[in-house]
>>> print(open('query.csv').read())   # CSV, C-alpha atoms and all ligand atoms
chain,number,residue,atom,x,y,z
A,271,MET,CA,107.8,167.7,179.4
A,272,GLU,CA,107.2,164.0,179.8
A,273,GLN,CA,109.6,161.7,177.8
A,274,VAL,CA,108.9,158.4,176.2
A,275,LEU,CA,111.6,155.7,176.3
A,276,ALA,CA,112.2,153.8,173.0
A,277,ALA,CA,114.5,151.1,171.8
A,278,VAL,CA,115.8,152.5,168.5
A,279,ARG,CA,117.6,150.7,165.8
A,280,THR,CA,120.4,153.0,164.8
A,281,GLY,CA,122.3,150.7,162.5
A,282,PRO,CA,122.6,147.0,161.5
A,283,GLY,CA,122.1,144.9,164.6
A,284,THR,CA,122.4,147.9,166.8
A,285,THR,CA,119.9,149.2,169.4
A,286,GLU,CA,120.2,152.4,171.4
A,287,PHE,CA,117.8,153.7,174.0
A,288,ARG,CA,116.5,157.2,173.3
A,289,GLU,CA,113.8,159.4,174.8
A,290,TYR,CA,111.3,161.3,172.7
A,291,PRO,CA,108.9,164.0,173.8
A,292,MET,CA,105.4,162.7,174.6
A,293,PRO,CA,103.4,163.7,171.5
A,294,ASP,CA,101.1,166.6,171.5
A,295,VAL,CA,98.1,164.6,170.3
A,296,PRO,CA,96.1,166.4,167.6
A,297,ASP,CA,92.3,166.3,167.5
A,298,ASP,CA,92.4,163.6,164.8
A,299,GLY,CA,95.1,161.6,166.5
A,300,ALA,CA,95.6,159.4,169.5
A,301,LEU,CA,98.2,157.8,171.8
A,302,LEU,CA,98.5,154.1,172.5
A,303,ARG,CA,100.2,152.7,175.6
A,304,VAL,CA,101.9,149.7,174.2
A,305,GLU,CA,101.1,146.5,176.0
A,306,VAL,CA,102.7,143.9,173.8
A,307,ALA,CA,104.8,144.0,170.6
A,308,GLY,CA,105.2,140.7,168.8
A,309,ILE,CA,108.4,139.8,166.9
A,310,CYS,CA,108.6,137.8,163.7
A,311,GLY,CA,111.2,136.6,161.3
A,312,THR,CA,110.9,139.9,159.3
A,313,ASP,CA,112.3,141.7,162.4
A,314,VAL,CA,115.3,139.4,162.4
A,315,LYS,CA,116.1,140.4,158.7
A,316,MET,CA,115.3,144.1,159.1
A,317,TYR,CA,117.5,144.2,162.2
A,318,ALA,CA,120.5,142.6,160.5
A,319,ARG,CA,120.0,144.5,157.2
A,320,PRO,CA,117.9,147.6,157.7
A,321,ALA,CA,116.0,148.6,154.6
A,322,ILE,CA,114.9,152.0,156.0
A,323,PRO,CA,117.6,154.6,156.6
A,324,GLY,CA,117.8,156.6,159.8
A,325,PRO,CA,116.8,155.7,163.4
A,326,VAL,CA,113.8,153.4,163.5
A,327,ILE,CA,111.8,152.2,166.4
A,328,MET,CA,111.0,148.6,165.4
A,329,GLY,CA,107.9,146.7,166.5
A,330,HIS,CA,105.2,146.2,163.9
A,331,GLU,CA,102.8,143.8,165.7
A,332,ASN,CA,101.3,146.0,168.4
A,333,VAL,CA,98.5,145.7,170.9
A,334,GLY,CA,97.8,148.3,173.6
A,335,VAL,CA,95.4,150.6,175.2
A,336,ILE,CA,94.3,154.0,173.9
A,337,VAL,CA,95.2,156.5,176.6
A,338,VAL,CA,94.5,159.8,174.8
A,339,ALA,CA,92.3,160.3,171.8
A,340,GLY,CA,91.2,163.5,170.1
A,341,SER,CA,87.5,164.0,169.4
A,342,ALA,CA,87.8,163.6,165.7
A,343,PHE,CA,89.8,160.4,166.1
A,344,ARG,CA,87.2,159.0,168.5
A,345,GLU,CA,84.4,159.9,166.1
A,346,ARG,CA,86.1,158.6,163.0
A,347,GLN,CA,87.5,155.3,164.5
A,348,GLY,CA,84.5,154.5,166.8
A,349,VAL,CA,86.8,154.1,169.8
A,350,ALA,CA,87.1,155.6,173.3
A,351,GLU,CA,90.0,156.2,175.6
A,352,GLY,CA,90.6,153.0,177.5
A,353,ASP,CA,89.9,150.7,174.5
A,354,ARG,CA,92.3,147.9,174.0
A,355,VAL,CA,93.2,147.5,170.3
A,356,PHE,CA,95.5,145.7,167.8
A,357,VAL,CA,97.1,148.2,165.5
A,358,GLU,CA,97.8,147.0,162.0
A,359,HIS,CA,101.3,148.0,160.9
A,360,TYR,CA,99.9,149.5,157.7
A,361,VAL,CA,99.1,153.2,157.9
A,362,PRO,CA,97.1,153.6,154.7
A,363,CYS,CA,95.7,156.5,152.7
A,364,ARG,CA,92.0,155.4,153.2
A,365,ARG,CA,91.2,156.7,149.7
A,366,CYS,CA,92.6,154.3,147.1
A,367,GLU,CA,90.9,151.2,145.7
A,368,TRP,CA,92.8,148.9,148.0
A,369,CYS,CA,91.9,150.8,151.1
A,370,HIS,CA,88.2,150.7,150.2
A,371,LEU,CA,88.5,146.9,150.0
A,372,GLY,CA,90.2,146.7,153.4
A,373,GLU,CA,93.4,145.5,151.7
A,374,TYR,CA,95.6,148.1,153.3
A,375,ARG,CA,98.6,145.9,152.7
A,376,HIS,CA,98.5,147.0,149.1
A,377,CYS,CA,98.1,150.7,149.6
A,378,GLU,CA,101.1,152.7,148.3
A,379,ALA,CA,100.9,155.2,151.2
A,380,THR,CA,102.2,152.5,153.5
A,381,ASP,CA,104.5,150.7,151.1
A,382,TRP,CA,108.1,151.6,152.0
A,383,ARG,CA,109.4,149.6,149.0
A,384,THR,CA,107.9,152.1,146.5
A,385,ASN,CA,107.1,155.2,148.6
A,386,PRO,CA,110.0,156.8,150.5
A,387,ASP,CA,107.6,158.8,152.6
A,388,ALA,CA,105.5,155.8,153.6
A,389,ARG,CA,104.3,155.4,157.1
A,390,ARG,CA,104.2,151.9,158.6
A,391,TYR,CA,104.7,150.9,162.2
A,392,GLY,CA,108.2,149.5,162.7
A,393,TYR,CA,109.3,150.7,159.3
A,394,THR,CA,109.2,154.5,159.6
A,395,SER,CA,112.1,156.8,160.7
A,396,ALA,CA,111.7,158.2,164.2
A,397,GLU,CA,112.7,161.5,162.7
A,398,HIS,CA,109.3,161.9,161.2
A,399,PRO,CA,106.8,164.0,163.2
A,400,TYR,CA,105.5,162.4,166.4
A,401,HIS,CA,108.5,160.1,166.4
A,402,LEU,CA,106.7,157.1,167.9
A,403,TRP,CA,106.2,154.9,164.9
A,404,GLY,CA,107.2,151.5,166.4
A,405,GLY,CA,106.0,149.2,169.3
A,406,PHE,CA,109.4,148.9,171.0
A,407,ALA,CA,108.6,152.0,173.1
A,408,GLY,CA,106.3,152.9,175.9
A,409,TYR,CA,103.8,154.6,173.6
A,410,LEU,CA,102.8,154.6,169.9
A,411,PHE,CA,101.3,157.6,168.0
A,412,LEU,CA,98.1,156.9,166.2
A,413,PRO,CA,97.2,159.2,163.3
A,414,TRP,CA,93.7,159.6,161.9
A,415,ASN,CA,94.3,156.7,159.4
A,416,ALA,CA,95.7,154.1,161.8
A,417,VAL,CA,93.8,150.7,161.4
A,418,LEU,CA,92.5,149.3,164.7
A,419,HIS,CA,90.8,146.1,165.8
A,420,LYS,CA,89.3,145.9,169.3
A,421,VAL,CA,90.8,143.1,171.4
A,422,PRO,CA,88.7,141.6,174.3
A,423,ALA,CA,90.1,141.9,177.8
A,424,THR,CA,89.9,138.1,178.2
A,425,VAL,CA,92.9,137.6,175.8
A,426,PRO,CA,96.1,137.7,177.8
A,427,ALA,CA,98.8,140.1,176.6
A,428,GLU,CA,101.2,137.4,175.4
A,429,LEU,CA,98.5,135.7,173.4
A,430,ALA,CA,97.5,139.0,171.9
A,431,GLY,CA,101.1,139.2,170.7
A,432,ILE,CA,100.5,136.5,168.1
A,433,VAL,CA,97.5,138.2,166.4
A,434,THR,CA,99.7,139.0,163.4
A,435,PRO,CA,101.0,135.5,162.6
A,436,MET,CA,97.4,134.3,163.2
A,437,SER,CA,96.1,137.0,160.7
A,438,ASN,CA,98.7,135.8,158.2
A,439,GLY,CA,97.7,132.2,158.7
A,440,ILE,CA,94.0,133.0,157.9
A,441,GLU,CA,95.0,135.3,155.0
A,442,TRP,CA,97.4,132.9,153.3
A,443,ALA,CA,95.9,129.5,153.9
A,444,LEU,CA,92.2,130.4,153.7
A,445,PHE,CA,91.8,133.5,151.6
A,446,ASP,CA,94.9,133.2,149.3
A,447,ALA,CA,95.3,129.4,148.9
A,448,GLY,CA,91.6,128.5,149.4
A,449,VAL,CA,91.9,125.9,152.1
A,450,GLY,CA,88.5,124.8,153.4
A,451,TYR,CA,86.4,121.8,154.1
A,452,ASP,CA,88.1,118.6,153.2
A,453,SER,CA,91.3,120.3,151.9
A,454,THR,CA,94.6,118.4,152.1
A,455,VAL,CA,97.5,120.6,153.0
A,456,LEU,CA,101.3,120.4,153.3
A,457,ILE,CA,102.7,123.1,155.6
A,458,GLN,CA,106.5,123.5,155.4
A,459,GLY,CA,108.1,124.9,158.5
A,460,PRO,CA,106.8,124.6,162.1
A,461,GLY,CA,107.7,128.1,163.3
A,462,GLN,CA,105.2,130.6,164.6
A,463,GLN,CA,103.9,131.1,161.1
A,464,GLY,CA,103.6,127.4,160.1
A,465,LEU,CA,101.8,126.7,163.4
A,466,ALA,CA,99.4,129.6,162.9
A,467,GLN,CA,98.6,128.2,159.5
A,468,THR,CA,98.0,124.8,161.1
A,469,VAL,CA,95.3,126.2,163.3
A,470,ALA,CA,93.7,128.2,160.5
A,471,CYS,CA,93.5,125.1,158.3
A,472,LYS,CA,92.2,122.9,161.1
A,473,GLN,CA,89.5,125.5,162.0
A,474,ALA,CA,88.5,125.8,158.3
A,475,GLY,CA,87.9,122.0,158.0
A,476,ALA,CA,91.0,120.6,156.3
A,477,SER,CA,90.9,116.8,156.4
A,478,LEU,CA,94.6,116.3,156.1
A,479,ILE,CA,97.4,118.5,157.5
A,480,ILE,CA,101.0,117.5,157.2
A,481,VAL,CA,103.7,119.7,158.8
A,482,THR,CA,107.5,119.4,158.0
A,483,GLY,CA,110.5,120.5,160.0
A,484,THR,CA,114.1,119.6,160.7
A,485,GLY,CA,115.9,117.8,163.5
A,486,ARG,CA,116.0,121.0,165.5
A,487,ASP,CA,112.2,121.2,165.4
A,488,ALA,CA,111.2,118.2,167.5
A,489,ALA,CA,109.3,120.3,170.1
A,490,ARG,CA,107.7,122.4,167.4
A,491,LEU,CA,106.6,119.4,165.4
A,492,ALA,CA,105.1,117.9,168.6
A,493,LEU,CA,103.2,121.2,169.1
A,494,ALA,CA,102.0,121.0,165.5
A,495,ARG,CA,100.4,117.7,166.3
A,496,ARG,CA,98.7,119.2,169.4
A,497,LEU,CA,97.3,122.0,167.2
A,498,GLY,CA,95.8,119.7,164.7
A,499,ALA,CA,98.4,118.3,162.3
A,500,ASP,CA,97.7,114.8,161.3
A,501,HIS,CA,101.3,113.9,160.3
A,502,VAL,CA,104.6,115.6,160.9
A,503,ILE,CA,107.8,114.9,158.9
A,504,ASP,CA,111.4,115.5,159.9
A,505,VAL,CA,112.9,116.2,156.4
A,506,GLN,CA,116.3,115.2,157.6
A,507,ALA,CA,115.2,111.8,158.9
A,508,ALA,CA,112.8,110.8,156.0
A,509,ASP,CA,112.3,111.7,152.3
A,510,PRO,CA,109.5,114.2,152.6
A,511,LEU,CA,108.1,113.7,149.1
A,512,ALA,CA,108.0,109.9,149.6
A,513,ARG,CA,106.2,110.4,152.9
A,514,VAL,CA,103.6,112.8,151.5
A,515,LEU,CA,102.9,110.5,148.6
A,516,ASP,CA,102.7,107.6,151.0
A,517,ILE,CA,100.3,109.4,153.3
A,518,THR,CA,98.1,110.6,150.4
A,519,GLY,CA,98.0,107.2,148.6
A,520,GLY,CA,100.1,108.6,145.8
A,521,LYS,CA,97.7,111.5,145.1
A,522,GLY,CA,99.6,114.5,146.6
A,523,VAL,CA,98.0,117.4,148.4
A,524,ASP,CA,95.6,120.2,147.3
A,525,VAL,CA,97.7,123.1,148.8
A,526,VAL,CA,101.3,123.6,149.9
A,527,LEU,CA,102.2,126.5,152.2
A,528,ASP,CA,105.9,127.5,152.5
A,529,CYS,CA,106.5,128.8,155.9
A,530,THR,CA,110.2,128.0,156.0
A,531,SER,CA,111.2,131.6,155.4
A,532,GLY,CA,114.7,131.3,153.9
A,533,ALA,CA,115.2,127.6,153.4
A,534,GLY,CA,116.2,128.2,149.8
A,535,VAL,CA,114.8,126.4,146.7
A,536,ALA,CA,114.1,123.0,148.4
A,537,PRO,CA,110.7,123.8,149.9
A,538,VAL,CA,109.5,125.2,146.5
A,539,LEU,CA,110.8,122.2,144.6
A,540,LEU,CA,109.2,119.8,147.2
A,541,GLY,CA,106.0,121.8,147.0
A,542,VAL,CA,105.7,121.5,143.2
A,543,GLU,CA,106.1,117.7,143.4
A,544,ALA,CA,104.0,117.2,146.5
A,545,LEU,CA,100.9,118.9,145.0
A,546,LYS,CA,98.2,116.8,143.4
A,547,ARG,CA,98.4,115.8,139.7
A,548,ARG,CA,96.5,118.9,138.5
A,549,GLY,CA,95.3,122.2,139.8
A,550,GLY,CA,97.0,122.5,143.2
A,551,THR,CA,98.0,125.8,144.9
A,552,LEU,CA,101.5,126.7,146.0
A,553,LEU,CA,101.9,129.6,148.4
A,554,VAL,CA,105.4,131.1,148.3
A,555,GLN,CA,107.5,133.6,150.3
A,556,GLY,CA,109.8,135.8,148.3
A,557,GLU,CA,113.1,135.2,150.1
A,558,MET,CA,115.1,134.5,147.0
A,559,ALA,CA,115.9,137.3,144.5
A,560,ALA,CA,116.4,134.6,141.8
A,561,PHE,CA,115.6,131.0,141.3
A,562,PRO,CA,117.9,129.4,138.7
A,563,ASP,CA,116.5,126.4,136.9
A,564,PHE,CA,113.0,127.0,138.2
A,565,PRO,CA,110.8,124.1,136.9
A,566,LEU,CA,108.3,126.3,135.1
A,567,LYS,CA,107.4,123.5,132.7
A,568,ARG,CA,106.6,121.2,135.5
A,569,LEU,CA,104.5,124.0,137.2
A,570,THR,CA,102.4,124.6,134.0
A,571,GLU,CA,102.1,120.9,133.3
A,572,LYS,CA,100.5,120.4,136.7
A,573,ALA,CA,98.4,123.6,136.3
A,574,ILE,CA,99.7,124.9,139.6
A,575,THR,CA,98.5,128.3,140.9
A,576,VAL,CA,101.2,130.2,142.7
A,577,ARG,CA,100.1,132.7,145.4
A,578,SER,CA,102.3,135.2,147.2
A,579,ALA,CA,102.4,135.4,151.0
A,580,ARG,CA,102.0,139.1,151.6
A,581,GLY,CA,100.5,140.4,154.9
A,582,HIS,CA,96.9,140.4,155.8
A,583,SER,CA,93.6,142.1,155.1
A,584,TYR,CA,91.3,143.8,157.6
A,585,ARG,CA,89.0,140.8,157.7
A,586,ALA,CA,91.8,138.3,158.4
A,587,CYS,CA,92.7,140.4,161.4
A,588,GLU,CA,89.2,140.4,162.7
A,589,LEU,CA,89.0,136.7,162.4
A,590,ALA,CA,92.4,136.3,164.0
A,591,VAL,CA,91.3,138.2,167.1
A,592,ALA,CA,88.2,136.1,167.3
A,593,GLN,CA,90.3,132.9,167.0
A,594,LEU,CA,92.5,134.0,169.9
A,595,ALA,CA,89.5,135.1,172.0
A,596,SER,CA,87.7,131.7,171.4
A,597,GLY,CA,90.3,129.7,173.3
A,598,ARG,CA,89.5,126.8,171.0
A,599,PHE,CA,93.1,125.9,170.4
A,600,PRO,CA,95.9,126.0,173.0
A,601,LEU,CA,97.7,128.9,171.2
A,602,GLU,CA,99.3,129.9,174.4
A,603,LEU,CA,101.7,127.1,173.8
A,604,LEU,CA,103.2,129.3,171.1
A,605,THR,CA,104.1,132.2,173.4
A,606,THR,CA,107.3,130.8,174.7
A,607,HIS,CA,109.4,134.0,175.5
A,608,THR,CA,108.7,137.6,176.6
A,609,TYR,CA,111.2,140.3,177.2
A,610,GLY,CA,111.1,143.8,178.6
A,611,LEU,CA,112.0,146.9,176.6
A,612,ARG,CA,115.7,146.9,177.7
A,613,ASP,CA,116.0,143.4,176.2
A,614,VAL,CA,114.8,144.2,172.6
A,615,ASP,CA,118.2,143.2,171.1
A,616,ARG,CA,118.1,139.9,172.9
A,617,ALA,CA,114.5,139.3,172.0
A,618,ILE,CA,115.2,139.8,168.2
A,619,ARG,CA,118.2,137.5,168.5
A,620,ALA,CA,116.1,134.9,170.2
A,621,VAL,CA,113.7,134.8,167.2
A,622,GLY,CA,116.7,134.5,164.9
A,623,GLY,CA,117.6,131.2,166.6
A,624,GLY,CA,120.7,132.5,168.3
A,625,LEU,CA,119.7,131.6,171.9
A,626,ASP,CA,117.9,128.3,172.1
A,627,ASP,CA,115.8,125.8,170.2
A,628,ASP,CA,112.7,126.2,172.3
A,629,VAL,CA,111.8,129.6,170.9
A,630,ILE,CA,108.5,129.7,169.0
A,631,HIS,CA,107.0,133.2,169.5
A,632,VAL,CA,108.6,136.1,171.3
A,633,SER,CA,107.0,139.3,172.5
A,634,VAL,CA,108.3,142.5,173.9
A,635,LEU,CA,106.3,143.8,176.9
A,636,PRO,CA,107.6,147.4,177.1
A,637,TRP,CA,106.2,148.0,180.6
A,638,ALA,CA,107.4,144.7,182.1
A,639,ALA,CA,110.1,144.9,184.7
A,640,ALA,CA,113.5,144.5,183.0
A,701,ZN,ZN,105.8,140.5,161.5
A,702,ZN,ZN,95.2,153.5,150.1
>>> encode(input="query.csv", output="structure tokens")
Amino acid sequence: MEQVLAAVRTGPGTTEFREYPMPDVPDDGALLRVEVAGICGTDVKMYARPAIPGPVIMGHENVGVIVVAGSAFRERQGVAEGDRVFVEHYVPCRRCEWCHLGEYRHCEATDWRTNPDARRYGYTSAEHPYHLWGGFAGYLFLPWNAVLHKVPATVPAELAGIVTPMSNGIEWALFDAGVGYDSTVLIQGPGQQGLAQTVACKQAGASLIIVTGTGRDAARLALARRLGADHVIDVQAADPLARVLDITGGKGVDVVLDCTSGAGVAPVLLGVEALKRRGGTLLVQGEMAAFPDFPLKRLTEKAITVRSARGHSYRACELAVAQLASGRFPLELLTTHTYGLRDVDRAIRAVGGGLDDDVIHVSVLPWAAA
């Protein structure tokens, strides 16, 4: 029987290579040959401190080609063998209110935090049936309820690897925080997520985009400028609040997007102060379990709306694929590193900042020569 090679997380910071039997694809299932699996900051955290017990094939940002598809799967999904697709990491129930809205990210069937039997690519034990539940492998199993988006052949593999941060950029900046024509925006953090937000805001018509970073981010801040940022601030070299107020003539910005992912309370405190006098929107990531002395009074005085950065909807993914296919922005400048399957451990460490400062986005190409 044919075997499928997979990079399997067997413990904190530990990868082993294992082989699993090629799945016997049911009539309502399919098999994807993985072309590219993008890596993000969540992988770094999940690799160091796994939240799912048991062996897990990581890789939750997957694009590939459908090589086998049962007739019920083809009928239900509207796809054919040979189609190239982006697979959302959510594997939802397709029955609940959220699923009917295309908001699979909120479906409990795919939420490992509240459902121990959840299915989600990159977050599901390889001991579950079909085993191939992550993109760091030659193939991925697709059940009847996988969520697929067709990807044009004109989008290179490495570029296709950033469809997830691009989807998040559209979801968080445009849909959650309401950035649009003439918006003024402060984006904190020039990593892959902050840069994707920059493109989403520019495309949507923001009239002012300010991106912050640190001394290590010089190349990333320069790239932010190329992608549409009007101003960049090194927060170690200048007082970021003073700069934002100076740039905006003392008014502050409409929207603040925190893409620092783990920089502590400082970005949130800066965000509260950098927002306009009344009615701004602050998008936060939930890295901190607690926030002592949170300035709730200041928040309510300024009538600030807080939104949570939490994945992406179906529509955001469709728009992200279209953004990549358009070639309107030089997004290929984000795709700095690729690794083969045997180098998964190294690839995750590269995203974690352990290798060099030039890393922006890293992808695993499972079929690339090691
Ligand atoms: Zn991710
Ligand atoms: Zn559902």
>>> closest_residue(input="query.csv", among="A:Ala488, A:Ala443, A:Leu635, A:Ile618", to="Ala307 of chain A", atoms="only C-alpha atoms")
A:Leu635
>>> residues_near_point(input="query.csv", point="(101.9, 131.4, 158.0)", cutoff="8 Å", atoms="all atoms listed in the file", output="ChimeraX atom specification")
/A:435-436,438-439,442-443,462-467,527-529
>>> closest_residue(input="query.csv", among="A:Glu286, A:Asp294, A:Asp381, A:Asp628", to="ligand ZN 702 (chain A)", atoms="only C-alpha atoms and all ligand atoms")
A:Asp381
>>> residues_around(input="query.csv", residues="segment 570-584 of chain A", least_positions_apart="4", cutoff="8 Å", atoms="all atoms listed in the file", output="list in words")
Gly372, Glu373, Tyr374, Arg375, Ser437, Asn438, Glu441, Trp442, Asp446, Ala447, Val542, Lys546, Arg547, Arg548, Gly549, Gly550, Thr551, Leu552, Leu553, Val554, Gln555, Gly556, Leu566 and Glu588 of chain A
>>> closest_residue(input="query.csv", among="A:Tyr360, A:Phe445, A:Tyr400, A:Phe343", to="ligand ZN 701 (chain A)", atoms="only C-alpha atoms and all ligand atoms")
A:Tyr360
>>> atom_distance(input="query.csv", atom1="atom CA of Glu331 of chain A", atom2="atom CA of Cys363 of chain A")
19.5 Å
>>> atom_distance(input="query.csv", atom1="atom CA of Val634 of chain A", atom2="atom ZN of ligand ZN 702 (chain A)")
29.3 Å
>>> closest_atom_pairs(input="query.csv", of="chain A", to="ligand ZN 701 (chain A)", cutoff="8 Å", atoms="only C-alpha atoms and all ligand atoms", output="JSON lines")
{"residue": "A:Gly308", "atom": "CA", "partner": "A:ZN701", "partner_atom": "ZN", "distance": 7.3}
{"residue": "A:Ile309", "atom": "CA", "partner": "A:ZN701", "partner_atom": "ZN", "distance": 6.0}
{"residue": "A:Cys310", "atom": "CA", "partner": "A:ZN701", "partner_atom": "ZN", "distance": 4.5}
{"residue": "A:Gly311", "atom": "CA", "partner": "A:ZN701", "partner_atom": "ZN", "distance": 6.7}
{"residue": "A:Thr312", "atom": "CA", "partner": "A:ZN701", "partner_atom": "ZN", "distance": 5.6}
{"residue": "A:Asp313", "atom": "CA", "partner": "A:ZN701", "partner_atom": "ZN", "distance": 6.7}
{"residue": "A:His330", "atom": "CA", "partner": "A:ZN701", "partner_atom": "ZN", "distance": 6.2}
{"residue": "A:Glu331", "atom": "CA", "partner": "A:ZN701", "partner_atom": "ZN", "distance": 6.1}
{"residue": "A:Thr434", "atom": "CA", "partner": "A:ZN701", "partner_atom": "ZN", "distance": 6.6}
{"residue": "A:Pro435", "atom": "CA", "partner": "A:ZN701", "partner_atom": "ZN", "distance": 7.0}
>>> closest_residue(input="query.csv", among="A:Leu611, A:Ala350, A:Ala318, A:Ala388", to="ligand ZN 702 (chain A)", atoms="all atoms listed in the file")
A:Ala388
>>> closest_atom_pairs(input="query.csv", of="chain A", to="ligand ZN 702 (chain A)", cutoff="12 Å", atoms="all atoms listed in the file", output="CSV")
residue,atom,partner,partner_atom,distance
A:Tyr360,CA,A:ZN702,ZN,9.8
A:Val361,CA,A:ZN702,ZN,8.7
A:Pro362,CA,A:ZN702,ZN,5.0
A:Cys363,CA,A:ZN702,ZN,4.0
A:Arg364,CA,A:ZN702,ZN,4.8
A:Arg365,CA,A:ZN702,ZN,5.1
A:Cys366,CA,A:ZN702,ZN,4.0
A:Glu367,CA,A:ZN702,ZN,6.6
A:Trp368,CA,A:ZN702,ZN,5.6
A:Cys369,CA,A:ZN702,ZN,4.4
A:His370,CA,A:ZN702,ZN,7.5
A:Leu371,CA,A:ZN702,ZN,9.4
A:Gly372,CA,A:ZN702,ZN,9.1
A:Glu373,CA,A:ZN702,ZN,8.4
A:Tyr374,CA,A:ZN702,ZN,6.3
A:Arg375,CA,A:ZN702,ZN,8.7
A:His376,CA,A:ZN702,ZN,7.4
A:Cys377,CA,A:ZN702,ZN,4.1
A:Glu378,CA,A:ZN702,ZN,6.2
A:Ala379,CA,A:ZN702,ZN,6.0
A:Thr380,CA,A:ZN702,ZN,7.8
A:Asp381,CA,A:ZN702,ZN,9.8
A:Ala388,CA,A:ZN702,ZN,11.1
A:Arg389,CA,A:ZN702,ZN,11.6
A:Asn415,CA,A:ZN702,ZN,9.9
A:Ala416,CA,A:ZN702,ZN,11.7
A:Val417,CA,A:ZN702,ZN,11.7
>>> residues_around(input="query.csv", residues="segment 489-503 of chain A", least_positions_apart="2", cutoff="10 Å", atoms="all atoms listed in the file", output="ChimeraX atom specification")
/A:455-462,464-473,476-487,505-511,513-514,517,598-601,603-604,627-630
>>> residues_around(input="query.csv", residues="Leu275 of chain A", least_positions_apart="5", cutoff="8 Å", atoms="only C-alpha atoms", output="compact mmCIF listing (two decimals) with C-alpha atoms, in the frame of the given file")
# COMPACT_ATOMS: atom_id res chain seq x y z
CA PHE A 287 117.80 153.70 174.00
CA ARG A 288 116.50 157.20 173.30
CA GLU A 289 113.80 159.40 174.80
CA TYR A 290 111.30 161.30 172.70
CA ALA A 407 108.60 152.00 173.10
CA GLY A 408 106.30 152.90 175.90
>>> residues_around(input="query.csv", residues="Gly324 of chain A", least_positions_apart="3", cutoff="8 Å", atoms="all atoms listed in the file", output="MDAnalysis selection string")
chainID A and resid 280:281 395:397
>>> atom_distance(input="query.csv", atom1="atom CA of Cys587 of chain A", atom2="atom CA of Val333 of chain A")
12.3 Å
>>> residues_near_point(input="query.csv", point="(89.9, 127.2, 154.9)", cutoff="6 Å", atoms="all atoms listed in the file", output="ChimeraX atom specification")
/A:444,448-450,471,474
>>> closest_residue(input="query.csv", among="A:Met316, A:Ala620, A:Leu410, A:Leu418", to="Pro636 of chain A", atoms="all atoms listed in the file")
A:Leu410
